[in-house]
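Working notes for the structure below.
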Amino acid sequence: MSTASPRPAQPLHALVDCNNFYANCERLFRPDLRGRPVIVLSNNDGCVVARSQEAKALGIGMAVPAYRIRDLIEREEVAVFSSNYALYADVSQRVMRVLEEAVPRVEQYSIDEAFLDLSGLADPVALARALRQRVHRWVGVPVSIGLAPSRTLAKLANAAAKRWPATGGVVDLRDPHRQRRLLRLMPVEEVWGVGRRLGRRLRAMGIDSALKLADSDPALMRKAFSVMLERTVRELRGQSCLELEEAPPPRQQVLCSRTFAERVSALAPLREAVSHFAARAAEKLREDGQLTRQVSVYLRTNPHHPREPQHHPLVTVPLPEPTADSRDVLHAALRALETAWRPGHRYMKAGVLLGELVQPRSWQRDLFDHLPTRRRSDALMQTLDRINRAGRGRLFFASEGIRRPWQMRRDHLSPAYTTRWSDLPRVR
DNA sequence: GCTATTATAGGGCGTTCC
DNA sequence: CCGCGGAACGCCCTATAA
């Protein structure tokens, strides 16, 4: 009976994470900014969303409102950029391509991170070092790599690779003794899945380091907190609970929302904004190859001004049949807006949410359904998308408006170096 | 005066169904 | 017929992450 079946090799996860990604994207074509503090602002130039190492050293925090550090920016000559997602998405794709060419199992986890399955490799550390060098040479952005038997440990290994330059940007955390040594140094909030709130509650129980969390009783953690934290504890002990997902499950909702450049009270400009978000959301839906059965619209007044009248309605409109046609989504969104809007409020943000998504094949019209299907919808939408892929915003709906006083501010936008010929830097 | 965006998982609670 | 208890679900909220 006991023919020892070949035991699968210990799983090995690697996390590749780009360092200060947006800031380094902005520096790619600006060698004059090397060694200088660089920050990138959120949509509408509101908050800091990325900082170069030099900017972090100045004490500039994540998500700090830009207006609060205006003096510091001026004094230290910090280079400021509006976020340029077209650029970051393009650089991201190049990084991912390098990884995918070298490793068969890659899961892109976010715009600047990917998990790799390196199980069974003879010398994964050598591969990691080679990858790091390759991305730097071919794309130009620095990355750090952490290796460990679980994803949560790989995250911590990656954090260590970033924190200690002597590691050469690669940390191998396969050895249990090394794991414990690193976990002891890591504050519990640095653990993946532990945020500010959980961190505070854990500290109140005397669990202040990653090591103490790893040494806590998983069953107890499940009872006191949630299954998520139980998984985290197991992962910290080197037991892999989160597997690589090469084909991530289809998205469950599509959201398109934005803070306005100016507060908006009147219905007319809100109609334009909601039309715009609805059209954009439908476009994303088609990129995904999905259909929606439900459109919601929400509005927000400024919660930072509690003395103004507050209103944050969310109105949902079901659709008679699943669709990815911008006209259907737009029409439903405008109907929802009529219900949501109340006069006498200064709205600062609106959003369009598509829910109840379905794959086209899994949905079949019932035989006795006599609803008229709009014919040639697919062809029309394909044409619309093709034209707009060549340059966003070439074709749009009249209800989106032309003046768009609500449109976001982007006062420090970098040129489209990688996606527009006319913005290519010239070398003389 | 200015305060991000998009997405997911899970908890709590009320309703409905059996 | 009623009432009970649990499953299942919708809805809203919180927490987290990048």
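Each chain in the structure tokens gets a letter, A, B and so on, in the order shown; residues start at 1 in every chain, and ligands are counted from 1 in the order they appear.
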>> Show me, as a ChimeraX atom specification, the residues of chain C whose atoms get within 12 Å of chain A, using only C-alpha atoms (C1' of nucleotides) for the distance check.
In response: /C:11-12,14-18
Once you count only C-alpha atoms (C1' of nucleotides), what closest atom pair and distance in Å to one decimal does each residue of chain B within 7 Å of chain A have, with rows by chain and rising residue number, as JSON lines?
{"residue": "B:DC2", "atom": "C1'", "partner": "A:Tyr67", "partner_atom": "CA", "distance": 5.8}
{"residue": "B:DT3", "atom": "C1'", "partner": "A:Pro65", "partner_atom": "CA", "distance": 5.5}
{"residue": "B:DA4", "atom": "C1'", "partner": "A:Ser42", "partner_atom": "CA", "distance": 5.2}
{"residue": "B:DT6", "atom": "C1'", "partner": "A:Leu255", "partner_atom": "CA", "distance": 6.8}
How would the residues just picked look written out with all heavy atoms as a PDB file, in the first residue's frame?
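Now in again.pdb:
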ATOM      1  P    DC B   2     -13.054  74.092   1.674  1.00  0.00           P
ATOM      2  OP1  DC B   2     -14.467  73.848   1.504  1.00  0.00           O
ATOM      3  OP2  DC B   2     -12.375  73.778   2.941  1.00  0.00           O
ATOM      4  O5'  DC B   2     -12.294  73.380   0.486  1.00  0.00           O
ATOM      5  C5'  DC B   2     -10.974  73.808   0.186  1.00  0.00           C
ATOM      6  C4'  DC B   2     -10.378  72.883  -0.826  1.00  0.00           C
ATOM      7  O4'  DC B   2      -9.129  73.417  -1.225  1.00  0.00           O
ATOM      8  C3'  DC B   2     -10.032  71.521  -0.246  1.00  0.00           C
ATOM      9  O3'  DC B   2      -9.858  70.630  -1.319  1.00  0.00           O
ATOM     10  C2'  DC B   2      -8.750  71.801   0.469  1.00  0.00           C
ATOM     11  C1'  DC B   2      -8.074  72.813  -0.457  1.00  0.00           C
ATOM     12  N1   DC B   2      -7.347  73.897   0.254  1.00  0.00           N
ATOM     13  C2   DC B   2      -6.278  74.509  -0.405  1.00  0.00           C
ATOM     14  O2   DC B   2      -5.995  74.127  -1.537  1.00  0.00           O
ATOM     15  N3   DC B   2      -5.583  75.480   0.230  1.00  0.00           N
ATOM     16  C4   DC B   2      -5.947  75.865   1.462  1.00  0.00           C
ATOM     17  N4   DC B   2      -5.231  76.835   2.032  1.00  0.00           N
ATOM     18  C5   DC B   2      -7.042  75.267   2.136  1.00  0.00           C
ATOM     19  C6   DC B   2      -7.715  74.301   1.502  1.00  0.00           C
ATOM     20  P    DT B   3     -10.785  69.355  -1.272  1.00  0.00           P
ATOM     21  OP1  DT B   3     -10.728  68.752  -2.609  1.00  0.00           O
ATOM     22  OP2  DT B   3     -12.082  69.659  -0.629  1.00  0.00           O
ATOM     23  O5'  DT B   3      -9.977  68.439  -0.249  1.00  0.00           O
ATOM     24  C5'  DT B   3      -8.678  67.995  -0.563  1.00  0.00           C
ATOM     25  C4'  DT B   3      -8.416  66.742   0.253  1.00  0.00           C
ATOM     26  O4'  DT B   3      -8.225  67.095   1.651  1.00  0.00           O
ATOM     27  C3'  DT B   3      -9.580  65.732   0.247  1.00  0.00           C
ATOM     28  O3'  DT B   3      -9.028  64.438   0.248  1.00  0.00           O
ATOM     29  C2'  DT B   3     -10.289  66.007   1.571  1.00  0.00           C
ATOM     30  C1'  DT B   3      -9.095  66.325   2.453  1.00  0.00           C
ATOM     31  N1   DT B   3      -9.426  67.133   3.639  1.00  0.00           N
ATOM     32  C2   DT B   3      -9.053  66.658   4.878  1.00  0.00           C
ATOM     33  O2   DT B   3      -8.474  65.609   5.027  1.00  0.00           O
ATOM     34  N3   DT B   3      -9.393  67.478   5.917  1.00  0.00           N
ATOM     35  C4   DT B   3     -10.046  68.684   5.852  1.00  0.00           C
ATOM     36  O4   DT B   3     -10.297  69.318   6.863  1.00  0.00           O
ATOM     37  C5   DT B   3     -10.418  69.129   4.525  1.00  0.00           C
ATOM     38  C7   DT B   3     -11.125  70.423   4.342  1.00  0.00           C
ATOM     39  C6   DT B   3     -10.085  68.338   3.497  1.00  0.00           C
ATOM     40  P    DA B   4      -9.902  63.244  -0.192  1.00  0.00           P
ATOM     41  OP1  DA B   4     -11.149  63.647  -0.869  1.00  0.00           O
ATOM     42  OP2  DA B   4      -9.954  62.372   0.983  1.00  0.00           O
ATOM     43  O5'  DA B   4      -8.931  62.581  -1.258  1.00  0.00           O
ATOM     44  C5'  DA B   4      -8.579  63.294  -2.456  1.00  0.00           C
ATOM     45  C4'  DA B   4      -8.591  62.310  -3.605  1.00  0.00           C
ATOM     46  O4'  DA B   4      -7.571  61.321  -3.367  1.00  0.00           O
ATOM     47  C3'  DA B   4      -9.915  61.555  -3.769  1.00  0.00           C
ATOM     48  O3'  DA B   4     -10.207  61.449  -5.136  1.00  0.00           O
ATOM     49  C2'  DA B   4      -9.646  60.203  -3.126  1.00  0.00           C
ATOM     50  C1'  DA B   4      -8.152  60.026  -3.352  1.00  0.00           C
ATOM     51  N9   DA B   4      -7.477  59.279  -2.295  1.00  0.00           N
ATOM     52  C8   DA B   4      -7.377  59.616  -0.971  1.00  0.00           C
ATOM     53  N7   DA B   4      -6.689  58.764  -0.261  1.00  0.00           N
ATOM     54  C5   DA B   4      -6.311  57.802  -1.177  1.00  0.00           C
ATOM     55  C6   DA B   4      -5.569  56.624  -1.053  1.00  0.00           C
ATOM     56  N6   DA B   4      -5.039  56.197   0.095  1.00  0.00           N
ATOM     57  N1   DA B   4      -5.369  55.892  -2.160  1.00  0.00           N
ATOM     58  C2   DA B   4      -5.885  56.314  -3.313  1.00  0.00           C
ATOM     59  N3   DA B   4      -6.598  57.404  -3.551  1.00  0.00           N
ATOM     60  C4   DA B   4      -6.780  58.105  -2.433  1.00  0.00           C
ATOM     61  P    DT B   6     -12.581  55.868  -9.467  1.00  0.00           P
ATOM     62  OP1  DT B   6     -12.431  56.013 -10.918  1.00  0.00           O
ATOM     63  OP2  DT B   6     -13.778  56.350  -8.759  1.00  0.00           O
ATOM     64  O5'  DT B   6     -12.394  54.320  -9.122  1.00  0.00           O
ATOM     65  C5'  DT B   6     -11.308  53.616  -9.702  1.00  0.00           C
ATOM     66  C4'  DT B   6     -11.225  52.273  -9.063  1.00  0.00           C
ATOM     67  O4'  DT B   6     -10.868  52.405  -7.678  1.00  0.00           O
ATOM     68  C3'  DT B   6     -12.540  51.474  -9.089  1.00  0.00           C
ATOM     69  O3'  DT B   6     -12.277  50.293  -9.791  1.00  0.00           O
ATOM     70  C2'  DT B   6     -12.869  51.244  -7.614  1.00  0.00           C
ATOM     71  C1'  DT B   6     -11.511  51.373  -6.956  1.00  0.00           C
ATOM     72  N1   DT B   6     -11.495  51.779  -5.550  1.00  0.00           N
ATOM     73  C2   DT B   6     -10.665  51.091  -4.681  1.00  0.00           C
ATOM     74  O2   DT B   6      -9.957  50.170  -5.041  1.00  0.00           O
ATOM     75  N3   DT B   6     -10.700  51.525  -3.389  1.00  0.00           N
ATOM     76  C4   DT B   6     -11.460  52.553  -2.875  1.00  0.00           C
ATOM     77  O4   DT B   6     -11.401  52.845  -1.686  1.00  0.00           O
ATOM     78  C5   DT B   6     -12.293  53.228  -3.828  1.00  0.00           C
ATOM     79  C7   DT B   6     -13.163  54.356  -3.380  1.00  0.00           C
ATOM     80  C6   DT B   6     -12.276  52.813  -5.101  1.00  0.00           C
TER      81       DT B   6
END
>> I need the residues in segment 301-401 of chain A that are strand (DSSP E or B) according to DSSP; give them as a PyMOL selection string.
In response: chain A and resi 301+314-323+347-355+358
> Looking only at the backbone, which of the residues in segment 63-272 of chain A does DSSP tag as alpha helix (DSSP H), as a ChimeraX atom specification?
Replying inline: /A:70-75,85-102,124-138,151-163,176-185,196-204,210-214,218-224,227-236,267-272
> Interatomic distance between atom CA of Trp341 of chain A and atom CA of Ala273 of chain A?
Replying inline: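 A separation of 12.8 Å between them.
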> So which residues touch DT16 of chain B within 12 Å, counting only C-alpha atoms (C1' of nucleotides), skipping near sequence neighbours fewer than 5 positions away, as a PyMOL selection string?
Replying inline: chain C and resi 7-10
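For Pro318 of chain A, the list of residues within 7 Å, based on only C-alpha atoms (C1' of nucleotides) and with local chain neighbours fewer than 5 positions off taken out, reads Arg293, Gln294 and Val295 of chain A.
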